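Notes follow the structure.
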Amino acid sequence: MIFIKENALALTGIVVGALAGFLYWKFVGCDSGTCAITSRPANSSLYGALMGGLLFSLFKPSKPGK
């Protein structure tokens, strides 16, 4: 439970990013199937989750004294 509270912002970013990646695949995607990221929904969702987690973790407040 402590892990979830400490990393809530990054976990939210992962969920939002995965959803955004899936929606990008669904509505934009890659017709030819040769695009590395957007050719399959799993690739697009995982890439979105990675980018969302990294982006949202930038806004995590630092602990005082560190």
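Just remember, in the structure tokens the first chain shown is A, the second B, etc., residues are 1-based per chain, and ligands are 1-based in the order shown.
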- DSSP helix (DSSP H, G or I) residues within chain A, listed as a PyMOL selection string: chain A and resi 2-6+8-27+41-57
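Near stretch 3-7 of chain A, within 10 Å and counting only C-alpha atoms, sit Gly13, Gly53, Phe56, Ser57 and Lys60 of chain A; same-chain residues fewer than 6 positions away were not included.
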- Distance query stretch 33-45 of chain A at most 10 Å, only C-alpha atoms, self and fewer than 6 positions along chain excluded, as a ChimeraX atom specification: /A:14-26,51
- Task: One decimal, Å: what's the distance from atom CA of A:Leu55 over to atom CA of A:Ala8, could you say?
- Result: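 Result for atom CA of A:Leu55 versus atom CA of A:Ala8: 13.0 Å, one decimal.
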